Structure formats: C-alpha cells, structure tokens
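Colleague: structure-v4.txt is reproduced in full below (compact mmCIF, C-alpha atoms and all ligand atoms).
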# COMPACT_ATOMS: atom_id res chain seq x y z
CA MET A 1 -155.07 -242.24 66.74
CA ASP A 2 -154.13 -238.57 66.77
CA LEU A 3 -150.91 -238.77 64.78
CA VAL A 4 -150.08 -235.08 65.21
CA LYS A 5 -150.27 -235.47 68.98
CA ILE A 6 -148.18 -238.65 68.80
CA ARG A 7 -145.57 -237.06 66.53
CA ARG A 8 -145.26 -234.12 68.92
CA ALA A 9 -144.93 -236.40 71.94
CA LEU A 10 -142.15 -238.33 70.17
CA HIS A 11 -140.59 -235.05 69.03
CA GLN A 12 -140.20 -233.97 72.65
CA ILE A 13 -138.09 -236.96 73.69
CA PRO A 14 -135.36 -237.47 71.04
CA GLU A 15 -132.68 -239.97 72.02
CA ILE A 16 -129.51 -240.89 70.15
CA GLY A 17 -128.59 -244.33 68.80
CA PHE A 18 -129.28 -247.28 71.13
CA GLN A 19 -130.43 -244.93 73.90
CA GLU A 20 -134.05 -244.79 72.64
CA VAL A 21 -135.45 -246.06 75.95
CA LYS A 22 -138.27 -243.53 76.43
CA THR A 23 -139.07 -243.67 72.72
CA GLN A 24 -139.41 -247.44 72.84
CA ALA A 25 -141.63 -247.23 75.93
CA LEU A 26 -143.89 -244.63 74.29
CA LEU A 27 -144.13 -246.67 71.08
CA LYS A 28 -145.05 -249.78 73.10
CA SER A 29 -147.73 -247.95 75.04
CA ILE A 30 -149.30 -246.61 71.81
CA ILE A 31 -149.19 -250.04 70.15
CA GLN A 32 -150.84 -251.61 73.20
CA GLU A 33 -153.91 -249.43 72.58
CA LEU A 34 -154.48 -250.98 69.13
CA PRO A 35 -156.66 -254.05 68.51
CA GLN A 36 -154.28 -256.89 69.45
CA ALA A 37 -155.95 -259.85 67.70
CA ARG A 38 -153.55 -259.89 64.73
CA LEU A 39 -150.47 -258.30 66.32
CA GLU A 40 -147.27 -259.91 67.53
CA VAL A 41 -144.78 -257.54 69.16
CA VAL A 42 -141.15 -258.34 69.91
CA GLU A 43 -138.42 -256.14 71.33
CA TRP A 44 -134.91 -255.90 69.95
CA LYS A 45 -132.52 -253.73 72.00
CA THR A 46 -134.23 -250.28 72.00
CA GLY A 47 -136.29 -251.15 68.92
CA LEU A 48 -139.42 -253.14 68.19
CA ALA A 49 -140.77 -255.43 65.50
CA VAL A 50 -144.53 -255.67 65.11
CA LYS A 51 -146.08 -258.30 62.86
CA VAL A 52 -149.66 -258.01 61.63
CA SER A 53 -151.06 -261.23 60.22
CA GLY A 54 -152.85 -260.94 56.91
CA THR A 55 -156.08 -262.56 55.76
CA ALA A 56 -154.55 -264.91 53.14
CA PRO A 57 -150.82 -264.28 53.19
CA SER A 58 -148.46 -265.29 50.43
CA LYS A 59 -145.60 -263.05 51.57
CA LEU A 60 -144.35 -260.88 54.40
CA ILE A 61 -144.08 -257.19 53.52
CA GLY A 62 -141.73 -255.09 55.66
CA TRP A 63 -141.93 -251.43 56.60
CA ARG A 64 -138.94 -249.94 58.37
CA THR A 65 -138.90 -246.74 60.39
CA ASP A 66 -135.89 -245.32 62.19
CA ILE A 67 -136.46 -244.02 65.72
CA ASP A 68 -133.33 -242.13 66.86
CA GLY A 69 -132.66 -238.39 67.14
CA LEU A 70 -129.52 -236.29 66.68
CA PRO A 71 -127.13 -234.49 69.05
CA ILE A 72 -128.44 -231.07 67.96
CA THR A 73 -129.97 -228.30 70.08
CA GLU A 74 -133.43 -227.49 68.77
CA GLU A 75 -134.20 -223.90 67.77
CA THR A 76 -137.73 -224.16 66.36
CA GLY A 77 -139.32 -222.31 69.28
CA HIS A 78 -142.28 -224.73 69.22
CA ASP A 79 -144.18 -225.37 72.43
CA PHE A 80 -143.61 -229.08 71.72
CA ALA A 81 -139.83 -228.66 71.22
CA SER A 82 -137.40 -231.25 72.54
CA VAL A 83 -137.20 -231.46 76.32
CA HIS A 84 -133.88 -233.32 76.04
CA PRO A 85 -131.06 -230.75 76.08
CA GLY A 86 -128.78 -231.07 73.05
CA ARG A 87 -131.04 -233.64 71.35
CA MET A 88 -133.44 -233.11 68.46
CA HIS A 89 -135.44 -235.04 65.90
CA ALA A 90 -133.73 -233.00 63.19
CA CYS A 91 -133.87 -235.78 60.61
CA GLY A 92 -137.62 -236.34 60.80
CA HIS A 93 -137.60 -239.73 62.52
CA ASP A 94 -140.48 -238.48 64.71
CA VAL A 95 -142.53 -238.07 61.51
CA HIS A 96 -141.29 -241.46 60.24
CA MET A 97 -142.46 -243.13 63.48
CA ALA A 98 -145.87 -241.41 63.44
CA VAL A 99 -146.41 -242.53 59.83
CA ALA A 100 -145.45 -246.10 60.77
CA LEU A 101 -147.89 -246.03 63.71
CA GLY A 102 -150.64 -244.71 61.45
CA LEU A 103 -149.97 -247.53 58.99
CA LEU A 104 -149.95 -250.06 61.82
CA GLU A 105 -153.31 -248.79 63.08
CA LYS A 106 -154.87 -249.22 59.63
CA LEU A 107 -153.47 -252.74 59.30
CA ALA A 108 -154.63 -253.73 62.78
CA ASP A 109 -158.15 -252.39 62.06
CA GLU A 110 -158.42 -253.79 58.56
CA PRO A 111 -155.68 -256.30 57.68
CA ILE A 112 -154.61 -256.73 54.09
CA LYS A 113 -154.11 -260.09 52.37
CA ASP A 114 -150.37 -260.33 53.16
CA ASP A 115 -148.60 -260.34 56.48
CA VAL A 116 -146.83 -257.08 57.29
CA VAL A 117 -143.97 -256.50 59.71
CA ILE A 118 -143.12 -253.02 60.93
CA LEU A 119 -139.56 -252.55 62.16
CA PHE A 120 -138.95 -249.69 64.58
CA GLN A 121 -135.18 -249.52 64.15
CA PRO A 122 -132.76 -247.73 66.49
CA ALA A 123 -129.52 -245.90 65.67
CA GLU A 124 -129.88 -244.95 62.00
CA GLU A 125 -127.80 -241.78 62.51
CA GLY A 126 -125.09 -243.90 64.11
CA PRO A 127 -123.64 -246.31 64.93
CA GLY A 128 -126.15 -248.15 62.72
CA GLY A 129 -129.00 -250.37 63.85
CA ALA A 130 -130.05 -251.92 60.53
CA LEU A 131 -127.22 -254.43 60.19
CA PRO A 132 -127.46 -255.95 63.70
CA PHE A 133 -131.30 -255.81 63.54
CA ARG A 134 -131.28 -257.69 60.22
CA GLU A 135 -128.80 -260.25 61.58
CA TRP A 136 -130.94 -260.77 64.70
CA LEU A 137 -134.05 -261.30 62.59
CA LYS A 138 -132.21 -263.83 60.45
CA ALA A 139 -130.79 -265.74 63.39
CA ASP A 140 -133.52 -265.51 66.03
CA MET A 141 -136.76 -264.34 64.41
CA PRO A 142 -136.79 -265.67 60.82
CA SER A 143 -140.60 -265.51 60.77
CA PHE A 144 -140.25 -261.70 61.12
CA LEU A 145 -137.76 -261.35 58.24
CA PRO A 146 -139.63 -259.66 55.36
CA ASP A 147 -139.63 -260.88 51.74
CA ARG A 148 -139.58 -257.28 50.54
CA ILE A 149 -139.02 -254.12 52.51
CA PHE A 150 -139.97 -250.45 52.21
CA ALA A 151 -139.14 -247.20 53.97
CA LEU A 152 -139.45 -243.47 53.47
CA HIS A 153 -137.37 -240.46 54.34
CA ILE A 154 -138.83 -237.00 54.70
CA ALA A 155 -137.68 -234.44 52.13
CA PRO A 156 -137.92 -230.85 53.45
CA GLU A 157 -137.25 -229.31 50.03
CA MET A 158 -140.32 -230.94 48.43
CA PRO A 159 -143.91 -229.94 49.25
CA ALA A 160 -146.16 -232.25 51.24
CA GLY A 161 -147.95 -234.59 48.85
CA THR A 162 -144.85 -235.29 46.75
CA VAL A 163 -143.10 -238.66 46.76
CA SER A 164 -139.92 -239.32 44.86
CA THR A 165 -137.64 -242.25 44.18
CA LYS A 166 -135.70 -244.03 41.46
CA PRO A 167 -134.68 -247.55 40.47
CA GLY A 168 -131.16 -248.60 41.53
CA LEU A 169 -128.79 -246.39 43.49
CA LEU A 170 -130.63 -243.87 45.68
CA PHE A 171 -128.16 -243.10 48.50
CA ALA A 172 -124.37 -243.21 48.83
CA ASN A 173 -122.24 -245.51 50.91
CA THR A 174 -120.73 -243.82 53.92
CA SER A 175 -117.98 -244.06 56.45
CA GLU A 176 -117.61 -241.99 59.55
CA LEU A 177 -114.19 -240.41 60.10
CA PHE A 178 -112.53 -239.55 63.41
CA ILE A 179 -108.94 -238.25 63.37
CA ASP A 180 -106.98 -237.55 66.57
CA LEU A 181 -103.74 -235.54 66.46
CA GLN A 182 -101.41 -235.71 69.45
CA GLY A 183 -98.25 -233.58 69.84
CA LYS A 184 -96.20 -231.59 72.31
CA GLY A 185 -98.20 -228.64 73.61
CA GLY A 186 -96.71 -225.71 75.47
CA HIS A 187 -96.76 -222.05 76.47
CA ALA A 188 -98.37 -219.72 73.91
CA ALA A 189 -95.30 -217.47 74.02
CA PHE A 190 -92.87 -220.23 73.02
CA PRO A 191 -94.16 -221.85 69.81
CA HIS A 192 -90.61 -222.99 68.95
CA HIS A 193 -90.67 -225.35 71.96
CA ALA A 194 -94.00 -226.96 71.04
CA GLU A 195 -95.86 -228.67 68.21
CA ASP A 196 -99.18 -226.96 67.66
CA MET A 197 -101.99 -229.48 67.04
CA ALA A 198 -104.51 -226.74 66.23
CA VAL A 199 -102.35 -225.65 63.29
CA ALA A 200 -101.59 -229.26 62.31
CA ALA A 201 -105.32 -230.12 62.29
CA ALA A 202 -106.19 -226.97 60.36
CA SER A 203 -103.59 -227.86 57.70
CA LEU A 204 -104.83 -231.43 57.57
CA LEU A 205 -108.44 -230.26 57.19
CA LEU A 206 -107.53 -228.10 54.18
CA GLN A 207 -105.49 -230.90 52.62
CA LEU A 208 -108.37 -233.35 53.05
CA GLN A 209 -110.55 -230.97 51.07
CA THR A 210 -108.31 -231.48 48.02
CA ILE A 211 -109.10 -235.21 47.83
CA VAL A 212 -112.50 -234.84 46.19
CA SER A 213 -111.35 -232.12 43.80
CA ARG A 214 -107.95 -233.66 42.87
CA ASN A 215 -108.11 -237.42 43.44
CA VAL A 216 -111.66 -238.47 42.62
CA ASN A 217 -112.59 -239.00 38.98
CA PRO A 218 -114.80 -236.01 38.09
CA MET A 219 -117.23 -238.44 36.45
CA ASP A 220 -117.61 -240.19 39.82
CA SER A 221 -118.88 -238.45 42.97
CA ALA A 222 -117.69 -238.22 46.54
CA VAL A 223 -118.02 -236.05 49.63
CA LEU A 224 -115.69 -235.52 52.55
CA THR A 225 -117.22 -233.31 55.22
CA VAL A 226 -115.61 -232.48 58.55
CA GLY A 227 -118.49 -231.39 60.76
CA LYS A 228 -116.62 -230.96 64.01
CA PHE A 229 -113.13 -229.61 64.80
CA THR A 230 -111.87 -229.39 68.37
CA ALA A 231 -108.43 -228.43 69.66
CA GLY A 232 -106.69 -227.28 72.78
CA THR A 233 -107.83 -226.28 76.23
CA VAL A 234 -107.36 -222.54 76.79
CA GLN A 235 -106.41 -219.43 74.78
CA ASN A 236 -102.78 -219.11 75.90
CA VAL A 237 -101.71 -222.75 75.71
CA ILE A 238 -100.53 -224.35 72.49
CA ALA A 239 -102.84 -227.30 71.82
CA GLU A 240 -101.37 -230.74 72.35
CA HIS A 241 -104.49 -232.46 71.02
CA ALA A 242 -106.91 -231.83 68.18
CA ARG A 243 -109.72 -233.90 66.72
CA LEU A 244 -111.53 -233.84 63.41
CA GLU A 245 -114.89 -235.60 63.09
CA GLY A 246 -116.47 -236.11 59.73
CA THR A 247 -118.00 -238.39 57.16
CA ILE A 248 -116.96 -239.77 53.77
CA ARG A 249 -119.53 -240.50 51.04
CA THR A 250 -118.94 -242.35 47.77
CA LEU A 251 -121.01 -244.18 45.20
CA ASN A 252 -119.09 -247.46 45.41
CA LEU A 253 -116.78 -249.30 47.76
CA GLU A 254 -113.72 -249.00 45.50
CA SER A 255 -114.00 -245.23 45.57
CA MET A 256 -114.42 -245.37 49.37
CA GLN A 257 -111.17 -247.37 49.62
CA ASN A 258 -109.34 -244.81 47.43
CA MET A 259 -110.59 -241.94 49.60
CA LYS A 260 -109.36 -243.70 52.74
CA SER A 261 -105.89 -244.32 51.20
CA ARG A 262 -105.57 -240.61 50.36
CA ILE A 263 -106.70 -239.59 53.86
CA GLU A 264 -104.07 -241.89 55.34
CA ALA A 265 -101.36 -240.45 53.04
CA HIS A 266 -102.22 -236.88 54.09
CA CYS A 267 -102.13 -237.91 57.75
CA ARG A 268 -98.68 -239.46 57.35
CA ALA A 269 -97.42 -236.22 55.75
CA ILE A 270 -98.85 -234.14 58.62
CA GLU A 271 -97.20 -236.46 61.16
CA GLU A 272 -93.88 -235.88 59.45
CA GLY A 273 -94.32 -232.13 59.02
CA PHE A 274 -95.68 -231.36 62.49
CA HIS A 275 -93.89 -234.02 64.54
CA CYS A 276 -97.08 -235.53 65.87
CA ARG A 277 -98.97 -238.81 66.09
CA ILE A 278 -102.22 -239.28 64.27
CA THR A 279 -104.80 -242.01 64.75
CA ILE A 280 -107.69 -242.58 62.38
CA ASP A 281 -110.91 -244.33 63.34
CA TYR A 282 -113.45 -244.96 60.59
CA GLY A 283 -116.33 -245.51 63.03
CA SER A 284 -119.35 -247.08 61.41
CA SER A 285 -120.00 -247.44 57.71
CA TYR A 286 -123.20 -247.92 55.70
CA LEU A 287 -123.77 -249.61 52.36
CA GLU A 288 -125.39 -247.64 49.58
CA VAL A 289 -129.19 -247.89 49.28
CA ASN A 290 -130.03 -249.68 46.06
CA ASN A 291 -133.70 -249.76 45.20
CA ASP A 292 -135.07 -252.85 43.50
CA GLU A 293 -135.65 -251.83 39.87
CA GLU A 294 -139.05 -253.48 39.51
CA LEU A 295 -140.41 -252.28 42.87
CA ALA A 296 -139.30 -248.72 42.09
CA GLU A 297 -141.01 -248.63 38.68
CA GLN A 298 -144.16 -250.19 40.17
CA PHE A 299 -144.15 -247.67 43.02
CA LEU A 300 -143.73 -244.66 40.72
CA GLN A 301 -146.60 -245.90 38.59
CA PHE A 302 -148.84 -246.50 41.64
CA ALA A 303 -148.00 -243.10 43.16
CA GLY A 304 -148.47 -241.31 39.82
CA ALA A 305 -152.03 -242.59 39.64
CA TYR A 306 -152.86 -241.99 43.33
CA LYS A 307 -155.18 -239.04 43.92
CA GLY A 308 -153.57 -236.23 45.90
CA VAL A 309 -150.01 -237.50 45.40
CA SER A 310 -147.46 -236.14 42.97
CA ALA A 311 -144.78 -238.69 41.99
CA LYS A 312 -141.33 -237.58 40.84
CA ARG A 313 -138.32 -239.51 39.59
CA ALA A 314 -135.48 -238.76 42.02
CA GLU A 315 -131.77 -238.15 41.50
CA ALA A 316 -129.36 -240.20 43.61
CA ALA A 317 -128.15 -238.28 46.71
CA MET A 318 -125.06 -238.42 48.91
CA THR A 319 -127.21 -239.03 51.97
CA GLY A 320 -126.33 -242.16 53.96
CA GLU A 321 -128.88 -244.66 55.25
CA ASP A 322 -128.29 -247.98 56.95
CA PHE A 323 -131.46 -249.16 55.18
CA GLY A 324 -128.84 -250.24 52.60
CA TYR A 325 -128.15 -253.25 54.84
CA PHE A 326 -131.72 -254.37 54.13
CA THR A 327 -131.75 -253.61 50.40
CA ASN A 328 -128.51 -255.51 49.81
CA GLN A 329 -130.18 -258.75 50.95
CA ILE A 330 -133.92 -258.18 50.51
CA PRO A 331 -135.63 -256.57 47.49
CA GLY A 332 -136.51 -253.14 48.81
CA LEU A 333 -137.42 -249.57 48.13
CA MET A 334 -136.87 -246.28 49.88
CA PHE A 335 -138.62 -243.10 48.77
CA TRP A 336 -138.52 -239.43 49.69
CA ALA A 337 -141.73 -237.93 51.04
CA GLY A 338 -142.02 -234.14 50.78
CA VAL A 339 -142.68 -232.23 54.02
CA GLY A 340 -142.06 -228.64 52.78
CA SER A 341 -139.84 -227.19 55.51
CA PRO A 342 -137.84 -223.96 54.97
CA TYR A 343 -135.00 -225.57 56.92
CA GLY A 344 -133.41 -228.81 55.78
CA LEU A 345 -132.42 -232.14 57.30
CA HIS A 346 -130.04 -231.90 60.28
CA HIS A 347 -130.99 -228.24 60.82
CA SER A 348 -131.94 -227.02 64.29
CA LYS A 349 -135.06 -225.35 62.82
CA LEU A 350 -136.33 -228.27 60.70
CA ASP A 351 -140.12 -227.95 60.74
CA PRO A 352 -141.92 -230.66 58.73
CA ASP A 353 -145.46 -230.03 57.51
CA GLU A 354 -147.62 -232.29 59.69
CA ALA A 355 -150.27 -232.48 56.92
CA VAL A 356 -148.42 -235.59 55.66
CA LEU A 357 -149.58 -237.48 58.75
CA ALA A 358 -153.13 -237.38 57.41
CA THR A 359 -152.17 -238.81 54.01
CA LEU A 360 -149.02 -240.97 54.04
CA PRO A 361 -150.28 -243.88 56.22
CA GLN A 362 -153.32 -244.35 53.95
CA PHE A 363 -151.15 -244.04 50.83
CA ILE A 364 -148.72 -246.72 52.05
CA TYR A 365 -151.59 -248.94 53.19
CA GLU A 366 -153.17 -248.76 49.71
CA TYR A 367 -149.77 -249.39 48.14
CA PHE A 368 -149.27 -252.52 50.28
CA LYS A 369 -152.75 -253.70 49.30
CA SER A 370 -151.78 -253.34 45.64
CA GLN A 371 -148.66 -255.55 46.05
C1 LIG B 401 -130.70 -239.70 56.20
C2 LIG B 401 -129.48 -239.19 56.87
O1 LIG B 401 -129.33 -238.00 57.05
N1 LIG B 401 -128.59 -240.10 57.27
C3 LIG B 401 -127.34 -239.79 57.87
C4 LIG B 401 -126.59 -241.07 58.15
C5 LIG B 401 -125.28 -240.85 58.87
C6 LIG B 401 -124.37 -242.04 58.86
C7 LIG B 401 -123.10 -241.83 59.64
N2 LIG B 401 -123.31 -241.38 60.98
C8 LIG B 401 -122.19 -240.85 58.90
O2 LIG B 401 -122.17 -239.67 59.23
O3 LIG B 401 -121.43 -241.28 58.03
C9 LIG B 401 -126.53 -238.88 56.96
O4 LIG B 401 -125.75 -238.06 57.50
O5 LIG B 401 -126.62 -238.95 55.73
Would you put the structure from the file into structure tokens?
Modeller:
Amino acid sequence: MDLVKIRRALHQIPEIGFQEVKTQALLKSIIQELPQARLEVVEWKTGLAVKVSGTAPSKLIGWRTDIDGLPITEETGHDFASVHPGRMHACGHDVHMAVALGLLEKLADEPIKDDVVILFQPAEEGPGGALPFREWLKADMPSFLPDRIFALHIAPEMPAGTVSTKPGLLFANTSELFIDLQGKGGHAAFPHHAEDMAVAAASLLLQLQTIVSRNVNPMDSAVLTVGKFTAGTVQNVIAEHARLEGTIRTLNLESMQNMKSRIEAHCRAIEEGFHCRITIDYGSSYLEVNNDEELAEQFLQFAGAYKGVSAKRAEAAMTGEDFGYFTNQIPGLMFWAGVGSPYGLHHSKLDPDEAVLATLPQFIYEYFKSQ
C-alpha cells in the first residue's frame, strides 16, 4: 500500500460529520484490495468496523480512527488540496485513516495472536460518532466490541517520531454552545426605536469571557471560546438577530455545570438590559478522555525502548475527543503522535509530515504484538 498516495486521496475529499460518504467508499475500496481471509467488514452509518482474526486470540484489541473533516477552507496550496469547497482535513484525520489502513494491511498480511478490530468512526468533530457507534456495537455487534481500545491524535507541535501520553486525564470534557439573540431591528438612523442585537451579542460575548477569569477556581481549568459571531443583514439596518457559536471545556462535569449556570445568568441579564429573547443550545457534548493508568505506563515504557521513537510524558490538554465515550467504558489509551507542522490543528495551512506514515503503522503493530 502506498500510504502517502492514500493519505493524499483522502485529504482531497474531506466531509463533515455523518456525511463521509465518499470517504467510506474509498476506505472500502482500499480494504477490498487486502488479503480477505481473516477480515470481516461491517458498515455503520458512514463508518466501518473491520475485524482481523488472530492466530490464538485471548482478547479483542481495538484501534479507533476518526474519519471526518472540518468546515474550513484549505490554504496549503498543495496540488493534492481539498477539492471540496469549504472543507478540509485540518485536524489530521486523513493521516489517522492512512495510519489505520497501514496497520490493517500489516495485520491482514501477518496476523498477531489476538483479534484486532479497527473502527473507522465518523463525526468526531461533531456531532459525535463515538457514543452511537459504541452503543451500536454493544447492542448489535458485541463480537466487534473491543476489550481494550487505542487511538492516536496527530500533534503538529512535536516532531515526527515523537509519541506522547499520560496516565489518567488526557483531554477535557466539552460542550458546544450556540446562543441566538432575537430583538426588534430597525433603521440605522433610529437606534432609539430598535433593540440592536449586534451590540447585545457583543456585550454578551465580553461578559462570557469573564466567567473563566472570575468564576472558575484558578486551581481548576476551563475554556470558553466563541469561534463564530454573526449578526444582522446589511450595513444600514439595525440587527434583529445575532448568533454566537462556541465551545466550553472543563476538566470535570461539575465545573461544566457551573459554567453553564453562569452563561445562563449572563444571558438573562442581557435579555433584561437589551429587551431581547435569548435561546441557548448546548449542541453535543463529549466526556473527558481518561487513559487507563496501566496501559499508559506500559505504552510509555514500550515506546521509550522502541528504536526511532522518542516517548514523552504529556500534559493534559483542553482538546475535546469523543474517544472519551470509549475510555469511560473500555480500558483505553490515546496518545499524541508528532507530525511537525508549522501550523497547528484546525489551521487552514496544517501540513503534517508524511514521514510518520512509514513508521507509525509498524510501531502500533509491534505494540499490539507486545500486549
Ligand atoms: C481533537 C479535536 O480538535 N477535537 C475537537 C472536538 C470538538 C468537539 C465539539 N465540536 C466542540 O467544539 O465542543 C476540538 O475542538 O477539541
């Protein structure tokens, strides 16, 4: 398999959550080219689960890759850039998929002792595919439900060849945040006859930014980011509608609940002050990713001794990952894999070092063999 070619082909067709139709078709066509004797492939929505039977299995090891892209316009200038306008693999899921395919090829050629299932999971960026995928496996495909589960996420700020993780909490729990403000718009020249939702939303946005600095215990951690702000229709009409779209990140569910209560209090005050109606929708939420302590220590030891790999103990990050819906029920481990890109995750110029495609599948294969 030419994993660079495959990664580039996947890179060209990014699709957002639960729309990964072309991606699924391409993955299926690549998997069909592999030796089939030990493979069992099932489809779930726009995802896939592929089981490789081992030679003397005592457990089922899971590997999960996410497969969706982001609503971002690519600016890398590559000749293999996205051909889907406004869509980009800016979170590295194209690399994740290519690594998973490389691992699958090795397992299909030379199976290990244990059974392995590879989950190609849709909608990690939203609205979240892990929870319904896990529930489907439990209800309808229990023989595909792994006993332990692993995944990686690319890390642009670390050089290729580095892997990094930690026992316990790795990623935050998250909630999306959508706030709609509705008021009485009007003519730009008569502000006293209208209620300006652009100004109301701007005030609300600034007030929301005080929650982390004033209401969260400084010894705890939280993030509230509003990534999108829209208001109004044209330059000389006072906006009757505005919308804030963002995300909340905390390290535990109690803190998440406190953040939401403060957001609601600020919204009520803005309603009163600006004579408007506000609706809040929390969209989808992800559990924190908690690595199994023993698996993480074992992994760091294995990686530390593996030639050509540098293993680092990670700090927890405020990234979200619906992989947390696996680790809260199945002992699991997620690790960062360095890809040395000058631009970070969710950037329109993210440019992972493809050298990792030559090393990571073999590394994971050897790690699975050592389990
Ligand atoms: C690894 C990564 O970047 N994950 C995303 C997950 C987003 C979850 C959800 N859509 C949200 O924004 O809360 C991240 O932004 O951390």
Colleague: Measuring atom to atom with all atoms listed in the file, identify which of A:Ala358, A:Ala37, A:Leu224, A:Val116 is nearest to ligand LIG 401 (chain B).
Modeller: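 Of A:Ala358, A:Ala37, A:Leu224, A:Val116, the one nearest ligand LIG 401 (chain B), counting all atoms listed in the file, is A:Leu224.
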Colleague: Hey, which bits of chain A sit within 6 Å of ligand LIG 401 (chain B), and for each residue what's the closest pair of atoms and how far apart in Å (one decimal), counting only C-alpha atoms and all ligand atoms, rows by chain and increasing number, as a tab-separated table?
Modeller:
residue	atom	partner	partner_atom	distance
A:Glu125	CA	B:LIG401	C5	4.5
A:Gly126	CA	B:LIG401	N2	4.4
A:Thr174	CA	B:LIG401	O3	4.9
A:Ser175	CA	B:LIG401	O3	4.7
A:Glu176	CA	B:LIG401	O3	4.2
A:Thr247	CA	B:LIG401	O3	4.6
A:Thr319	CA	B:LIG401	O5	3.8
A:Gly320	CA	B:LIG401	O5	3.7
A:Glu321	CA	B:LIG401	N1	5.0
Colleague: Select, counting all atoms listed in the file, all protein, DNA and RNA residues no farther than 12 Å from (-107.5, -243.1, 63.7) in file coordinates, and express the selection as a list in words.
Modeller: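 Those residues lying close to the given coordinates are Glu176, Leu177, Phe178, Ile179, Asp180, Leu181, Gln182, Arg243, Leu244, Glu245, Lys260, Ile263, Glu264, Cys267, Arg268, Arg277, Ile278, Thr279, Ile280, Asp281, Tyr282 and Gly283 of chain A.
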Colleague: A:Pro146, A:Ile16, A:Glu124, A:Gly92: which is nearest Lys51 in chain A, counting all atoms listed in the file?
Modeller: A:Pro146
Colleague: Between CA of Ile13 in chain A and CA of Pro35 in chain A, what is the spacing in Å?
Modeller: 25.8 Å
Colleague: Which is closer to His78 in chain A than all the others in A:Glu157, A:Glu271, A:Asp351, A:Asp196, using all atoms listed in the file?
Modeller: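 For His78 in chain A, the nearest of the candidates is A:Asp351.
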Colleague: How many Å lie between CA of Arg87 in chain A and CA of Gln12 in chain A, rounded to one decimal?
Modeller: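 Calculated distance between CA of Arg87 in chain A and CA of Gln12 in chain A is 9.3 Å.
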Colleague: If we count only C-alpha atoms, what is near Pro71 in chain A at a cut-off of 9 Å, once residues fewer than 2 positions away on the same chain are taken out, given as a list in words?
Modeller: Pro14, Glu15, Ile16, Gly69, Thr73, Pro85, Gly86, Arg87, Met88, His89 and Ala90 of chain A
Colleague: So how far away is CA of Leu300 in chain A from CA of Arg313 in chain A, in Å?
Modeller: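 Between CA of Arg313 in chain A and CA of Leu300 in chain A the gap is 7.6 Å.
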